[in-house]
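Asks: Got a file for you: start39.tsv, TSV, C-alpha atoms.
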```tsv
chain	number	residue	atom	x	y	z
A	1	LEU	CA	0.00	0.00	0.00
A	2	ASN	CA	1.21	3.38	-0.88
A	3	GLU	CA	-0.65	5.95	1.19
A	4	SER	CA	0.09	9.60	1.20
A	5	HIS	CA	-0.42	11.47	4.47
A	6	GLU	CA	-0.59	15.18	4.67
A	7	PHE	CA	0.26	16.78	7.95
A	8	MET	CA	-1.19	20.04	8.95
A	9	THR	CA	0.70	22.21	11.37
A	10	VAL	CA	-1.42	23.95	13.95
A	11	THR	CA	0.03	26.85	15.84
A	12	VAL	CA	-1.52	27.65	19.18
A	13	VAL	CA	-0.98	31.14	20.43
A	14	ALA	CA	-1.41	31.71	24.13
A	15	SER	CA	-1.94	35.22	25.31
A	16	ARG	CA	-1.93	36.78	28.70
A	17	PHE	CA	-4.10	39.81	29.09
A	18	TYR	CA	-3.30	42.56	31.52
A	19	ALA	CA	-5.56	45.07	33.16
A	20	SER	CA	-6.82	47.73	30.82
A	21	GLU	CA	-8.99	50.80	31.07
A	22	ALA	CA	-12.56	49.96	32.11
A	23	THR	CA	-15.32	50.57	29.62
A	24	GLY	CA	-19.09	50.28	29.61
A	25	ALA	CA	-21.78	50.79	32.25
A	26	ALA	CA	-19.83	49.14	35.04
A	27	ALA	CA	-16.66	51.14	34.40
A	28	GLY	CA	-14.62	51.16	37.60
A	29	LYS	CA	-16.87	48.60	39.30
A	30	LEU	CA	-16.20	44.98	40.08
A	31	VAL	CA	-19.18	42.63	39.77
A	32	VAL	CA	-19.18	39.96	42.50
A	33	ASN	CA	-20.92	36.61	42.74
A	34	PHE	CA	-20.32	35.00	46.16
A	35	ALA	CA	-21.70	31.50	46.72
A	36	LEU	CA	-21.67	28.82	49.40
A	37	PRO	CA	-22.79	25.22	48.84
A	38	HIS	CA	-26.13	26.00	50.49
A	39	GLN	CA	-26.78	29.64	49.52
A	40	SER	CA	-25.92	32.53	47.28
A	41	VAL	CA	-24.52	35.37	49.41
A	42	MET	CA	-24.15	37.91	46.58
A	43	THR	CA	-25.33	37.86	42.99
A	44	SER	CA	-24.09	40.47	40.50
A	45	GLN	CA	-23.24	42.87	43.34
A	46	GLU	CA	-21.22	45.90	42.19
A	47	VAL	CA	-18.34	46.85	44.49
A	48	ASN	CA	-15.25	49.03	44.22
A	49	GLN	CA	-12.76	46.52	45.62
A	50	VAL	CA	-12.46	43.10	47.22
A	51	ASP	CA	-9.62	42.27	49.62
A	52	LEU	CA	-9.00	38.58	50.32
A	53	SER	CA	-6.44	36.12	51.65
A	54	ALA	CA	-5.25	33.51	49.17
A	55	VAL	CA	-2.66	30.77	49.43
A	56	SER	CA	-0.43	32.86	47.11
A	57	GLY	CA	-0.78	35.94	49.36
A	58	ASP	CA	-3.19	38.75	50.19
A	59	LEU	CA	-4.92	40.37	47.21
A	60	GLY	CA	-6.75	43.62	46.59
A	61	ILE	CA	-8.91	43.15	43.52
A	62	LEU	CA	-10.28	46.06	41.47
A	63	ALA	CA	-12.24	46.19	38.20
A	64	ASP	CA	-10.20	44.95	35.23
A	65	HIS	CA	-7.84	42.95	37.44
A	66	VAL	CA	-5.69	40.41	35.63
A	67	PRO	CA	-7.67	37.16	35.27
A	68	THR	CA	-6.66	34.67	37.93
A	69	ILE	CA	-7.82	31.68	39.96
A	70	GLU	CA	-6.85	31.79	43.63
A	71	GLN	CA	-7.29	29.23	46.38
A	72	LEU	CA	-8.62	30.97	49.46
A	73	LYS	CA	-7.11	30.33	52.86
A	74	PRO	CA	-8.97	30.86	56.13
A	75	GLY	CA	-9.38	34.61	56.51
A	76	VAL	CA	-11.43	37.71	55.84
A	77	ILE	CA	-12.95	38.76	52.55
A	78	ASP	CA	-13.69	42.49	52.60
A	79	PHE	CA	-16.20	43.80	50.03
A	80	ILE	CA	-15.72	47.56	49.71
A	81	SER	CA	-18.42	49.63	48.02
A	82	ASP	CA	-19.61	53.23	47.99
A	83	SER	CA	-21.95	52.42	50.90
A	84	GLY	CA	-19.24	50.91	53.12
A	85	SER	CA	-17.58	47.61	53.82
A	86	GLN	CA	-18.93	44.08	54.36
A	87	LYS	CA	-16.54	41.59	55.95
A	88	TYR	CA	-16.94	37.83	55.90
A	89	PHE	CA	-14.74	35.16	57.40
A	90	VAL	CA	-14.26	32.18	55.06
A	91	SER	CA	-12.70	28.85	55.93
A	92	GLY	CA	-11.49	28.24	52.37
A	93	GLY	CA	-12.60	28.08	48.75
A	94	PHE	CA	-11.72	29.67	45.42
A	95	ALA	CA	-11.83	33.13	43.86
A	96	ILE	CA	-11.98	33.34	40.08
A	97	MET	CA	-11.33	36.70	38.44
A	98	ASN	CA	-12.68	36.84	34.90
A	99	PRO	CA	-11.50	39.24	32.16
A	100	ASN	CA	-14.86	41.08	32.18
A	101	SER	CA	-14.48	42.44	35.75
A	102	VAL	CA	-16.60	39.65	37.22
A	103	LEU	CA	-15.25	38.02	40.38
A	104	ASN	CA	-16.76	34.65	41.36
A	105	ILE	CA	-16.07	33.49	44.91
A	106	ASN	CA	-16.99	29.98	45.98
A	107	ALA	CA	-16.42	29.30	49.66
A	108	ILE	CA	-16.99	26.26	51.83
A	109	GLU	CA	-18.28	28.31	54.75
A	110	ALA	CA	-18.66	32.05	55.32
A	111	PHE	CA	-19.87	34.09	58.26
A	112	LYS	CA	-20.27	37.82	58.68
A	113	LEU	CA	-17.36	38.89	60.84
A	114	GLU	CA	-19.67	40.89	63.11
A	115	ASP	CA	-21.66	37.71	63.92
A	116	ILE	CA	-18.68	35.76	65.31
A	117	ASP	CA	-18.40	35.45	69.10
A	118	ALA	CA	-14.80	36.26	70.15
A	119	GLN	CA	-15.17	34.45	73.48
A	120	ALA	CA	-16.36	31.25	71.77
A	121	VAL	CA	-13.38	31.44	69.41
A	122	ALA	CA	-10.95	31.78	72.34
A	123	THR	CA	-12.59	28.87	74.19
A	124	ASN	CA	-12.53	26.60	71.13
A	125	LEU	CA	-8.92	27.55	70.36
A	126	ALA	CA	-7.84	26.60	73.89
A	127	GLU	CA	-9.70	23.26	73.61
A	128	SER	CA	-8.09	22.50	70.22
A	129	GLN	CA	-4.65	23.30	71.63
A	130	ARG	CA	-5.35	20.99	74.59
A	131	LEU	CA	-6.42	18.20	72.22
A	132	ALA	CA	-3.31	18.67	70.07
A	133	SER	CA	-0.96	18.46	73.05
A	134	SER	CA	-2.66	15.40	74.57
A	135	ALA	CA	-3.39	13.48	71.34
A	136	LYS	CA	-2.13	9.93	71.31
A	137	ASP	CA	-2.38	9.37	67.55
A	138	GLU	CA	-1.46	11.34	64.42
A	139	ILE	CA	-5.01	11.62	63.09
A	140	THR	CA	-6.20	13.37	66.25
A	141	LYS	CA	-3.13	15.64	66.21
A	142	GLU	CA	-3.73	16.60	62.57
A	143	ALA	CA	-7.43	17.28	63.15
A	144	ALA	CA	-6.55	19.49	66.13
A	145	ALA	CA	-3.88	21.30	64.05
A	146	ILE	CA	-6.49	22.15	61.40
A	147	GLU	CA	-8.84	23.48	64.10
A	148	ILE	CA	-6.00	25.53	65.62
A	149	GLU	CA	-5.20	27.11	62.24
A	150	LEU	CA	-8.87	27.99	61.75
A	151	TYR	CA	-9.37	29.45	65.25
A	152	GLU	CA	-6.11	31.42	65.09
A	153	SER	CA	-7.22	32.89	61.74
A	154	LEU	CA	-10.60	33.76	63.26
A	155	GLN	CA	-8.96	35.36	66.27
A	156	SER	CA	-6.65	37.43	64.05
A	157	ALA	CA	-9.62	38.53	61.93
A	158	LEU	CA	-11.55	39.60	65.01
A	159	LEU	CA	-8.57	41.58	66.26
A	160	GLY	CA	-8.38	43.35	62.90
A	161	LYS	CA	-5.12	41.76	61.82
A	162	SER	CA	-4.68	39.73	58.68
A	163	LYS	CA	-2.97	36.39	59.03
```
For this file, write the structure as structure tokens.

Replies:
Amino acid sequence: LNESHEFMTVTVVASRFYASEATGAAAGKLVVNFALPHQSVMTSQEVNQVDLSAVSGDLGILADHVPTIEQLKPGVIDFISDSGSQKYFVSGGFAIMNPNSVLNINAIEAFKLEDIDAQAVATNLAESQRLASSAKDEITKEAAAIEIELYESLQSALLGKSK
């Protein structure tokens, strides 16, 4: 058999887009969708800025931010708008910045910072530290270490410090 094969060369061009001047009705505004597994916290909410804690570091996100996907670490998400600031504590999740100034945040759990009881956090932190120091097996130690990280992040958030 004498078969002739033609090969076609395909060139893929990858581009990275950087922030550019905002245009359109939402110029200068960031549109936020904030969802939990059991509820939608915000849908198409316009804000000026969102500050959040990601595994890669703390971010301040404005309209036309460079597209990115960030894994959230336990900490505060601050939604800043013309009418003020709304702060939520999240235990983890993802933030996805799209090129059209839409920020989608998917969190495992989120609570308004003002609704968190500082005394309960301190009590639970002390109990988790006690469990970690008295644990007889690695699984219990690791579970306590995760709780300690969460409660320390909560305590820092309540004290107004970012961790």

Asks: Just checking: using all atoms listed in the file, which residue out of A:Ser133, A:Asn48, A:Thr140, A:Gln119 ends up closest to Ile80 (chain A)?

Replies: A:Asn48

Asks: Please tell me which residues are no farther than 12 Å from (-10.6, 23.5, 64.2) in the file, counting only C-alpha atoms, and write them as an NGL selection string.

Replies: :A and (74 or 91 or 121-132 or 140-154)

Asks: By how many Å are CA of Tyr88 (chain A) and CA of Gly75 (chain A) apart?

Replies: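 Separation of CA of Tyr88 (chain A) and CA of Gly75 (chain A): 8.2 Å.
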
Asks: Fewer than 2 positions away in the same chain doesn't count, so skip those; otherwise give me all residues within 12 Å of Met42 (chain A), counting all atoms listed in the file, as a PyMOL selection string.

Replies: chain A and resi 31-36+39-40+44-47+79+86+88+103-107+110

Asks: Go through A:Gln49, A:Ser56, A:Ser134, A:Gln71 and flag the residue nearest Val90 (chain A), using only C-alpha atoms for the distances.

Replies: A:Gln71

Asks: Please indicate the distance in Å from CA of Asp82 (chain A) to CA of Asn100 (chain A), rounded to one decimal place.

Replies: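 Between CA of Asp82 (chain A) and CA of Asn100 (chain A) the gap works out to 20.5 Å.
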
Asks: Between CA of Phe89 (chain A) and CA of Ile139 (chain A), what distance in Å does the model show, to one decimal?

Replies: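 Here the two named atoms are 26.1 Å from each other.
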
Asks: So which one's closest to Thr68 (chain A), A:Ile108, A:Leu30, A:Met97, A:Ala120? Using only C-alpha atoms, please.

Replies: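 Closest to Thr68 (chain A) of all the choices is A:Met97.
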
Asks: Kindly indicate which residue among A:Ile116, A:Val50, A:Ser83, A:Gly93 lies nearest to Glu70 (chain A), using all atoms listed in the file for the distances.

Replies: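 Going through A:Ile116, A:Val50, A:Ser83, A:Gly93 one by one, the smallest distance to Glu70 (chain A) is for A:Gly93.
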
Asks: Have a look at A:Lys112, A:Asp117, A:Asn98, A:Asp137 and name the one nearest to His65 (chain A); count only C-alpha atoms.

Replies: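 So, comparing all the options, the nearest one is A:Asn98.
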